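Okay, final_23.pdb now, which holds PDB, C-alpha atoms:
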```
ATOM      1  CA  MET A   1     -57.887 -30.378 -62.611
ATOM      2  CA  ARG A   2     -60.300 -29.771 -65.640
ATOM      3  CA  LYS A   3     -63.484 -31.975 -65.329
ATOM      4  CA  SER A   4     -66.116 -29.880 -67.210
ATOM      5  CA  PRO A   5     -65.733 -31.514 -70.745
ATOM      6  CA  THR A   6     -66.145 -34.997 -69.309
ATOM      7  CA  ILE A   7     -69.296 -34.102 -67.409
ATOM      8  CA  LEU A   8     -70.815 -32.468 -70.505
ATOM      9  CA  LEU A   9     -70.145 -35.536 -72.649
ATOM     10  CA  SER A  10     -71.783 -37.824 -70.083
ATOM     11  CA  VAL A  11     -74.937 -35.728 -69.969
ATOM     12  CA  THR A  12     -75.218 -35.669 -73.752
ATOM     13  CA  VAL A  13     -74.951 -39.473 -73.962
ATOM     14  CA  LEU A  14     -77.722 -39.962 -71.386
ATOM     15  CA  LEU A  15     -80.084 -37.686 -73.286
ATOM     16  CA  VAL A  16     -79.519 -39.494 -76.544
ATOM     17  CA  VAL A  17     -80.221 -42.883 -74.917
ATOM     18  CA  SER A  18     -83.374 -41.574 -73.322
ATOM     19  CA  LEU A  19     -84.698 -40.347 -76.664
ATOM     20  CA  ALA A  20     -83.886 -43.596 -78.325
ATOM     21  CA  CYS A  21     -85.921 -45.468 -75.777
ATOM     22  CA  VAL A  22     -88.919 -43.184 -76.046
ATOM     23  CA  LEU A  23     -89.257 -42.908 -79.821
ATOM     24  CA  PRO A  24     -89.705 -46.597 -80.625
ATOM     25  CA  ASN A  25     -92.587 -46.867 -78.150
ATOM     26  CA  VAL A  26     -94.747 -44.410 -80.032
ATOM     27  CA  LEU A  27     -97.770 -46.317 -81.382
ATOM     28  CA  PRO A  28     -98.347 -46.292 -85.073
ATOM     29  CA  GLY A  29    -100.846 -43.747 -85.995
ATOM     30  CA  ILE A  30    -100.264 -41.875 -82.916
ATOM     31  CA  SER A  31     -98.181 -38.912 -83.541
ATOM     32  CA  ALA A  32     -95.355 -38.417 -81.264
ATOM     33  CA  PRO A  33     -95.648 -35.614 -78.885
ATOM     34  CA  THR A  34     -94.115 -32.437 -80.022
ATOM     35  CA  LEU A  35     -90.962 -31.782 -78.183
ATOM     36  CA  ASP A  36     -90.136 -28.376 -76.914
ATOM     37  CA  PRO A  37     -87.071 -27.365 -78.875
ATOM     38  CA  ASN A  38     -85.738 -25.699 -75.753
ATOM     39  CA  ALA A  39     -86.367 -28.711 -73.564
ATOM     40  CA  VAL A  40     -83.165 -30.437 -74.480
ATOM     41  CA  GLY A  41     -81.093 -27.352 -73.831
ATOM     42  CA  THR A  42     -82.891 -26.768 -70.581
ATOM     43  CA  ALA A  43     -82.295 -30.321 -69.446
ATOM     44  CA  ILE A  44     -78.701 -30.112 -70.431
ATOM     45  CA  MET A  45     -78.213 -26.906 -68.485
ATOM     46  CA  GLN A  46     -79.980 -28.346 -65.398
ATOM     47  CA  THR A  47     -77.870 -31.459 -65.575
ATOM     48  CA  MET A  48     -74.695 -29.395 -65.911
ATOM     49  CA  GLN A  49     -75.685 -27.215 -62.966
ATOM     50  CA  SER A  50     -76.353 -30.295 -60.851
ATOM     51  CA  ALA A  51     -73.029 -31.752 -61.812
ATOM     52  CA  LEU A  52     -71.267 -28.540 -61.085
ATOM     53  CA  THR A  53     -73.017 -28.340 -57.710
ATOM     54  CA  GLN A  54     -71.889 -31.863 -56.812
ATOM     55  CA  THR A  55     -68.399 -31.123 -58.025
ATOM     56  CA  ALA A  56     -68.263 -28.014 -55.927
ATOM     57  CA  GLY A  57     -69.440 -29.978 -52.897
ATOM     58  CA  VAL A  58     -66.512 -32.336 -53.021
ATOM     59  CA  ALA A  59     -63.945 -29.714 -53.792
ATOM     60  CA  VAL A  60     -61.040 -29.782 -51.405
ATOM     61  CA  PRO A  61     -60.350 -26.369 -50.010
ATOM     62  CA  ILE A  62     -56.877 -25.131 -50.409
ATOM     63  CA  ASP A  63     -55.371 -23.652 -47.251
ATOM     64  CA  VAL A  64     -53.960 -20.308 -47.809
ATOM     65  CA  VAL A  65     -50.872 -19.802 -45.731
ATOM     66  CA  SER A  66     -50.539 -16.239 -44.824
ATOM     67  CA  SER A  67     -47.132 -14.788 -45.197
ATOM     68  CA  PRO A  68     -45.572 -13.927 -41.832
ATOM     69  CA  THR A  69     -45.425 -10.300 -41.070
ATOM     70  CA  LEU A  70     -41.844  -9.147 -40.610
ATOM     71  CA  THR A  71     -41.394  -6.664 -37.845
ATOM     72  CA  LEU A  72     -38.208  -4.681 -38.210
ATOM     73  CA  GLU A  73     -36.595  -3.734 -34.940
ATOM     74  CA  PRO A  74     -35.031  -0.322 -35.080
ATOM     75  CA  THR A  75     -31.259  -0.491 -35.175
ATOM     76  CA  LEU A  76     -29.794   1.492 -32.318
ATOM     77  CA  SER A  77     -26.516   3.163 -32.840
ATOM     78  CA  PRO A  78     -24.055   2.324 -30.029
ATOM     79  CA  THR A  79     -23.639   5.101 -27.534
ATOM     80  CA  ALA A  80     -20.034   6.074 -26.994
ATOM     81  CA  THR A  81     -18.891   5.554 -23.395
ATOM     82  CA  LEU A  82     -16.439   8.136 -22.176
ATOM     83  CA  SER A  83     -13.626   6.650 -20.116
ATOM     84  CA  PRO A  84     -12.163   8.872 -17.418
ATOM     85  CA  THR A  85      -8.788  10.231 -18.213
ATOM     86  CA  ALA A  86      -6.147   8.439 -16.147
ATOM     87  CA  MET A  87      -4.133  10.712 -13.913
ATOM     88  CA  PHE A  88      -0.519   9.675 -13.536
ATOM     89  CA  THR A  89       1.728  10.850 -10.738
ATOM     90  CA  ASN A  90       5.463  10.909 -10.976
ATOM     91  CA  THR A  91       6.120   8.289  -8.280
ATOM     92  CA  PRO A  92       9.649   6.851  -8.357
ATOM     93  CA  LEU A  93       9.969   3.080  -8.390
ATOM     94  CA  ILE A  94      13.036   3.209  -6.145
ATOM     95  CA  PRO A  95      12.053   4.071  -2.535
ATOM     96  CA  LEU A  96      13.667   7.325  -1.486
ATOM     97  CA  ILE A  97      13.721   8.786   2.015
ATOM     98  CA  SER A  98      14.050  12.314   3.362
ATOM     99  CA  VAL A  99      13.647  13.902   6.797
ATOM    100  CA  SER A 100      12.079  17.043   8.205
ATOM    101  CA  VAL A 101      14.598  17.156  11.096
ATOM    102  CA  ASN A 102      18.288  16.286  10.939
ATOM    103  CA  THR A 103      18.458  12.600  11.954
ATOM    104  CA  ASN A 104      21.361  10.393  13.026
ATOM    105  CA  CYS A 105      22.158   7.205  11.132
ATOM    106  CA  ARG A 106      23.556   4.288  13.168
ATOM    107  CA  VAL A 107      24.922   0.785  12.644
ATOM    108  CA  GLY A 108      21.701  -0.554  14.157
ATOM    109  CA  PRO A 109      18.125   0.560  14.841
ATOM    110  CA  GLY A 110      18.484   2.378  18.146
ATOM    111  CA  GLU A 111      20.549   4.721  20.248
ATOM    112  CA  ALA A 112      22.510   1.787  21.668
ATOM    113  CA  TYR A 113      24.276   1.467  18.319
ATOM    114  CA  GLU A 114      27.202   3.561  17.166
ATOM    115  CA  ARG A 115      26.465   6.678  15.138
ATOM    116  CA  VAL A 116      28.112   6.572  11.710
ATOM    117  CA  GLY A 117      26.351   9.352   9.818
ATOM    118  CA  ALA A 118      23.368  11.697   9.615
ATOM    119  CA  LEU A 119      20.692  12.567   7.070
ATOM    120  CA  MET A 120      20.195  16.314   6.891
ATOM    121  CA  VAL A 121      17.083  18.268   5.903
ATOM    122  CA  GLY A 122      17.014  18.622   2.110
ATOM    123  CA  GLU A 123      18.996  15.429   1.478
ATOM    124  CA  THR A 124      17.529  12.269  -0.068
ATOM    125  CA  VAL A 125      18.915   8.745   0.002
ATOM    126  CA  GLN A 126      17.742   5.368  -1.219
ATOM    127  CA  THR A 127      16.264   2.903   1.290
ATOM    128  CA  TYR A 128      16.870  -0.836   0.999
ATOM    129  CA  GLY A 129      15.039  -2.273   4.009
ATOM    130  CA  ARG A 130      13.227  -1.707   7.285
ATOM    131  CA  ASN A 131      13.197  -3.335  10.698
ATOM    132  CA  PRO A 132      10.249  -5.557  11.789
ATOM    133  CA  THR A 133       8.561  -2.688  13.675
ATOM    134  CA  GLY A 134       8.821  -0.309  10.698
ATOM    135  CA  ARG A 135      10.349   2.423  12.880
ATOM    136  CA  TYR A 136      13.825   2.317  11.319
ATOM    137  CA  TRP A 137      14.928   2.300   7.677
ATOM    138  CA  TYR A 138      18.059   0.672   6.293
ATOM    139  CA  VAL A 139      19.530   3.284   3.963
ATOM    140  CA  GLN A 140      22.660   4.252   2.118
ATOM    141  CA  ASN A 141      24.887   6.177   4.495
ATOM    142  CA  PRO A 142      24.504   9.864   3.597
ATOM    143  CA  ASP A 143      28.095  10.556   4.718
ATOM    144  CA  ARG A 144      29.737   7.410   3.318
ATOM    145  CA  GLY A 145      28.232   6.340   0.018
ATOM    146  CA  ASN A 146      29.747   2.849   0.104
ATOM    147  CA  GLU A 147      28.248   2.020   3.528
ATOM    148  CA  TYR A 148      24.764   1.528   4.967
ATOM    149  CA  CYS A 149      23.125   2.467   8.243
ATOM    150  CA  TRP A 150      19.811   2.553  10.099
ATOM    151  CA  LEU A 151      17.775   5.774  10.077
ATOM    152  CA  TRP A 152      15.080   6.576  12.644
ATOM    153  CA  GLY A 153      11.728   7.032  10.888
ATOM    154  CA  GLU A 154      10.156   9.534  13.306
ATOM    155  CA  TYR A 155      10.848  12.484  10.995
ATOM    156  CA  ALA A 156      11.230  10.503   7.774
ATOM    157  CA  THR A 157       9.127  10.556   4.605
ATOM    158  CA  VAL A 158       9.426   7.675   2.158
ATOM    159  CA  VAL A 159       8.252   7.895  -1.459
ATOM    160  CA  GLY A 160       8.213   5.146  -4.055
ATOM    161  CA  ASN A 161       7.280   1.479  -3.962
ATOM    162  CA  VAL A 162       7.358   1.088  -0.179
ATOM    163  CA  ALA A 163       5.557  -2.290  -0.333
ATOM    164  CA  ALA A 164       8.580  -3.783  -2.084
ATOM    165  CA  VAL A 165      10.988  -2.762   0.693
ATOM    166  CA  PRO A 166      12.050  -5.980   2.480
ATOM    167  CA  ILE A 167      12.176  -6.458   6.244
ATOM    168  CA  PHE A 168      15.707  -6.901   7.559
ATOM    169  CA  THR A 169      16.730  -8.486  10.831
ATOM    170  CA  PRO A 170      18.904  -5.896  12.610
ATOM    171  CA  PRO A 171      22.228  -6.812  14.176
ATOM    172  CA  PRO A 172      22.208  -7.779  17.842
ATOM    173  CA  THR A 173      22.289  -4.946  20.327
ATOM    174  CA  PRO A 174      25.902  -4.214  21.124
ATOM    175  CA  THR A 175      27.214  -4.468  24.640
ATOM    176  CA  PRO A 176      27.459  -0.880  25.902
ATOM    177  CA  VAL A 177      31.030   0.345  26.152
ATOM    178  CA  PRO A 178      31.605   2.848  28.981
ATOM    179  CA  SER A 179      33.714   5.887  28.193
ATOM    180  CA  PHE A 180      33.885   9.550  29.097
ATOM    181  CA  ASP A 181      35.845  12.707  28.469
ATOM    182  CA  ALA A 182      37.220  14.894  31.307
ATOM    183  CA  SER A 183      38.608  18.410  31.120
ATOM    184  CA  TYR A 184      39.750  21.056  33.590
ATOM    185  CA  VAL A 185      37.388  24.065  33.847
ATOM    186  CA  GLU A 186      38.623  26.503  36.529
ATOM    187  CA  LEU A 187      39.897  27.107  40.066
ATOM    188  CA  GLU A 188      37.280  28.602  42.387
ATOM    189  CA  MET A 189      37.546  30.109  45.864
ATOM    190  CA  CYS A 190      35.155  30.719  48.791
ATOM    191  CA  ALA A 191      36.468  29.847  52.250
ATOM    192  CA  GLY A 192      38.845  27.531  50.411
ATOM    193  CA  TRP A 193      39.973  26.588  46.926
ATOM    194  CA  TRP A 194      38.626  23.822  44.720
ATOM    195  CA  VAL A 195      38.836  22.724  41.106
ATOM    196  CA  ASP A 196      35.947  22.176  38.656
ATOM    197  CA  PHE A 197      35.998  19.464  35.978
ATOM    198  CA  GLU A 198      33.615  18.926  33.078
ATOM    199  CA  LEU A 199      32.628  15.292  32.454
ATOM    200  CA  THR A 200      30.924  14.036  29.256
ATOM    201  CA  ASN A 201      29.607  10.502  28.923
ATOM    202  CA  THR A 202      30.705   9.373  25.436
ATOM    203  CA  GLY A 203      29.769   5.700  25.867
ATOM    204  CA  GLY A 204      26.587   3.694  26.017
ATOM    205  CA  MET A 205      26.541   3.076  29.756
ATOM    206  CA  ALA A 206      25.307   5.366  32.506
ATOM    207  CA  PHE A 207      27.584   6.217  35.441
ATOM    208  CA  LYS A 208      26.297   6.224  39.021
ATOM    209  CA  SER A 209      29.416   6.800  41.172
ATOM    210  CA  ILE A 210      32.716   8.636  41.071
ATOM    211  CA  SER A 211      36.103   8.539  42.731
ATOM    212  CA  LEU A 212      38.338  11.576  42.317
ATOM    213  CA  ASN A 213      41.890  12.265  43.465
ATOM    214  CA  VAL A 214      43.894  15.421  42.776
ATOM    215  CA  GLU A 215      47.619  15.440  43.584
ATOM    216  CA  ASP A 216      49.732  18.559  43.832
ATOM    217  CA  THR A 217      53.056  17.517  42.355
ATOM    218  CA  ASN A 218      54.665  20.632  43.760
ATOM    219  CA  THR A 219      53.804  19.896  47.399
ATOM    220  CA  ASP A 220      52.843  16.205  47.257
ATOM    221  CA  ASP A 221      49.539  17.141  48.855
ATOM    222  CA  ASP A 222      46.366  15.551  47.546
ATOM    223  CA  ILE A 223      42.610  15.612  48.059
ATOM    224  CA  SER A 224      40.120  12.782  47.331
ATOM    225  CA  LEU A 225      36.407  12.332  46.718
ATOM    226  CA  TYR A 226      34.158   9.191  46.707
ATOM    227  CA  ALA A 227      30.488   9.727  45.981
ATOM    228  CA  ASP A 228      27.347   8.132  44.488
ATOM    229  CA  ARG A 229      26.350  11.460  42.981
ATOM    230  CA  PHE A 230      27.878  14.279  40.993
ATOM    231  CA  THR A 231      28.023  17.664  42.746
ATOM    232  CA  ALA A 232      29.070  21.041  41.376
ATOM    233  CA  ILE A 233      29.774  24.019  43.705
ATOM    234  CA  ASP A 234      28.807  27.399  42.313
ATOM    235  CA  ASP A 235      31.145  29.923  44.017
ATOM    236  CA  CYS A 236      29.659  30.777  47.393
ATOM    237  CA  VAL A 237      26.061  30.645  46.135
ATOM    238  CA  GLY A 238      25.262  26.963  46.412
ATOM    239  CA  SER A 239      25.608  23.661  44.616
ATOM    240  CA  THR A 240      23.811  21.350  42.189
ATOM    241  CA  THR A 241      23.721  17.557  42.319
ATOM    242  CA  GLU A 242      22.964  14.852  39.731
ATOM    243  CA  ASP A 243      22.507  11.161  40.604
ATOM    244  CA  ILE A 244      23.378   9.727  37.167
ATOM    245  CA  LEU A 245      25.582  10.746  34.279
ATOM    246  CA  GLY A 246      23.728   9.208  31.330
ATOM    247  CA  PRO A 247      25.045   8.487  27.820
ATOM    248  CA  GLY A 248      25.596  11.717  25.907
ATOM    249  CA  GLU A 249      25.153  13.901  28.996
ATOM    250  CA  THR A 250      27.605  16.504  30.317
ATOM    251  CA  LEU A 251      27.888  17.900  33.842
ATOM    252  CA  THR A 252      30.339  19.639  36.156
ATOM    253  CA  VAL A 253      31.984  18.088  39.217
ATOM    254  CA  SER A 254      33.852  20.000  41.927
ATOM    255  CA  THR A 255      36.711  18.639  44.036
ATOM    256  CA  PRO A 256      36.924  18.953  47.822
ATOM    257  CA  ALA A 257      38.550  22.179  48.966
ATOM    258  CA  PHE A 258      42.295  22.721  49.243
ATOM    259  CA  ALA A 259      43.614  24.251  52.445
ATOM    260  CA  TYR A 260      45.803  26.547  50.376
ATOM    261  CA  ASN A 261      45.781  28.234  47.016
ATOM    262  CA  PRO A 262      47.221  25.801  44.435
ATOM    263  CA  ARG A 263      47.301  28.365  41.656
ATOM    264  CA  GLY A 264      50.357  27.949  39.430
ATOM    265  CA  HIS A 265      51.088  24.431  40.765
ATOM    266  CA  LYS A 266      51.260  21.383  38.633
ATOM    267  CA  LEU A 267      48.287  19.148  39.438
ATOM    268  CA  ARG A 268      47.376  15.646  38.335
ATOM    269  CA  ALA A 269      43.796  14.404  38.576
ATOM    270  CA  THR A 270      42.740  10.753  38.507
ATOM    271  CA  ILE A 271      39.011  10.390  37.811
ATOM    272  CA  THR A 272      37.151   7.052  37.880
ATOM    273  CA  LEU A 273      33.486   6.650  36.910
ATOM    274  CA  CYS A 274      31.570   3.427  37.623
ATOM    275  CA  SER A 275      28.242   2.027  36.365
ATOM    276  CA  GLY A 276      27.216   0.975  39.883
ATOM    277  CA  THR A 277      26.998   2.782  43.173
ATOM    278  CA  GLY A 278      29.823   2.492  45.696
ATOM    279  CA  GLN A 279      32.401   2.466  42.891
ATOM    280  CA  ASN A 280      31.151  -0.923  41.696
ATOM    281  CA  GLY A 281      30.138  -2.309  38.335
ATOM    282  CA  THR A 282      32.019  -1.392  35.195
ATOM    283  CA  CYS A 283      34.521   1.401  35.851
ATOM    284  CA  VAL A 284      36.573   3.625  33.565
ATOM    285  CA  THR A 285      39.489   5.854  34.610
ATOM    286  CA  GLN A 286      41.095   8.909  33.069
ATOM    287  CA  VAL A 287      44.146  10.905  34.194
ATOM    288  CA  ILE A 288      44.605  14.532  33.217
ATOM    289  CA  LYS A 289      47.394  17.007  34.085
ATOM    290  CA  PHE A 290      46.763  20.708  34.393
ATOM    291  CA  SER A 291      47.957  23.894  36.128
ATOM    292  CA  PRO A 292      45.289  26.288  37.503
TER     293      PRO A 292
END
```

What does the file become when written as structure tokens?
Amino acid sequence: MRKSPTILLSVTVLLVVSLACVLPNVLPGISAPTLDPNAVGTAIMQTMQSALTQTAGVAVPIDVVSSPTLTLEPTLSPTATLSPTAMFTNTPLIPLISVSVNTNCRVGPGEAYERVGALMVGETVQTYGRNPTGRYWYVQNPDRGNEYCWLWGEYATVVGNVAAVPIFTPPPTPTPVPSFDASYVELEMCAGWWVDFELTNTGGMAFKSISLNVEDTNTDDDISLYADRFTAIDDCVGSTTEDILGPGETLTVSTPAFAYNPRGHKLRATITLCSGTGQNGTCVTQVIKFSP
């Protein structure tokens, strides 16, 4: 705001009024005092300085707002993160099973079930299930592609998504069926003559007793044996005895001695094996004809 011209005009007016008041009061005959020609200018300057001083005293200071200082943060370039290279293995989705030892495959998980096939070393089949204990695998029958069977896992290796293999409830344990095979072996002699037979347990039940009858159809003579053990005579050296003929086992049984040499005669043997002692329990009989 410009105030200097107004102040100067006011000062000038005051000086003029002051002179007007002084001059008329000068007595006649008395000369007016000589005025210093510089007095007016000096007064004017003093008055202006005073006015300027008062004006400066009431001046309102203007706040100067300093501009904020901008601090630039350095821009960091993103550091590349190296991800590890994923390693993929060729794992089949379908669970496949192989064995390190030739292993039987049965209709159920256990030796009590019938054998229907076998997985051989070097072969691979697909598995579809497992039993609750995880010891047997339900697989495609290696010998019959349209059938399935249970494989013992003792020597098995399974690859693939094993977690997706469901647990199957196996069929009930079958009732063991007793059976055996009998065959003539030879006629032996040592202070008498006797016949040796070979017996093989082909069923699922153990045998604990035997009854044996051999009839000579040429002479109508016969000899019989009833025992809770299975004894084989080895020439004139000695004998061996077994108490039980278990499933899958094979042993030799000798008849009592003939009083004569039956060589060349027609003989018929009736052999009965029983699951209990004293010819009790479940019994099975076979008849074979032979000529020593």

For the structure provided, state which residues fall under the PyMOL selection byres ((chain A and resi 161) around 8), and present them as a list in words. Pro92, Leu93, Ile94, Pro95, Val159, Gly160, Val162, Ala163, Ala164 and Val165 of chain A

Distance criterion (only C-alpha atoms): nearest to Thr124 (chain A) out of A:Phe258, A:Trp193, A:Phe180, A:Val158: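 Nearest to Thr124 (chain A): A:Val158.
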
One number please: CA of Ile97 (chain A) to CA of Cys149 (chain A), in Å, one decimal. 12.9 Å

Given the file shown, enumerate the residues that the PyMOL selection byres ((chain A and resi 196) around 9) captures and present them as a PyMOL selection string. chain A and resi 183-188+194-195+197-198+232-233+252-255

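Of the residues listed (A:Pro109, A:Gly192, A:Pro178, A:Pro166), A:Gly192 shows the shortest atom-to-atom separation from Asn261 (chain A); distances use all atoms listed in the file.
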
For each of A:Ser179, A:Glu147, A:Trp152, A:Gly122, take the minimum atom-to-atom distance to Thr103 (chain A), counting all atoms listed in the file, then give the residue where this is smallest. A:Trp152

From the list A:Glu154, A:Asp181, A:Glu114, A:Asp216, the nearest residue to Gln286 (chain A) using only C-alpha atoms is A:Asp181

In Å and to one decimal, CA of Asp143 (chain A) is distant from CA of Ala118 (chain A) by 6.9 Å

Explicit residue set for the PyMOL selection byres ((chain A and resi 177) around 12), as a ChimeraX atom specification: /A:112-114,173-176,178-180,201-207,247,274-275,282-284

Could you write those residues out with C-alpha atoms, as a compact mmCIF listing (two decimals), keeping the file's coordinate frame?
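Heads up, here's the output in again-v7.txt:
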```txt
# COMPACT_ATOMS: atom_id res chain seq x y z
CA ALA A 112 22.51 1.79 21.67
CA TYR A 113 24.28 1.47 18.32
CA GLU A 114 27.20 3.56 17.17
CA THR A 173 22.29 -4.95 20.33
CA PRO A 174 25.90 -4.21 21.12
CA THR A 175 27.21 -4.47 24.64
CA PRO A 176 27.46 -0.88 25.90
CA PRO A 178 31.60 2.85 28.98
CA SER A 179 33.71 5.89 28.19
CA PHE A 180 33.88 9.55 29.10
CA ASN A 201 29.61 10.50 28.92
CA THR A 202 30.70 9.37 25.44
CA GLY A 203 29.77 5.70 25.87
CA GLY A 204 26.59 3.69 26.02
CA MET A 205 26.54 3.08 29.76
CA ALA A 206 25.31 5.37 32.51
CA PHE A 207 27.58 6.22 35.44
CA PRO A 247 25.04 8.49 27.82
CA CYS A 274 31.57 3.43 37.62
CA SER A 275 28.24 2.03 36.36
CA THR A 282 32.02 -1.39 35.20
CA CYS A 283 34.52 1.40 35.85
CA VAL A 284 36.57 3.62 33.56
```

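Comparing A:Gly134, A:Gly264, A:Pro142, A:Gly129 by their smallest distance to Asn102 (chain A), the closest is A:Pro142 (using all atoms listed in the file).
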
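Coordinates place CA of Leu151 (chain A) at a distance of 9.3 Å from CA of Gly117 (chain A).
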
Nearest-residue call for Thr200 (chain A), choices A:Gly276, A:Gly108, A:Pro170, A:Gly246, using all atoms listed in the file: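 Nearest to Thr200 (chain A): A:Gly246.
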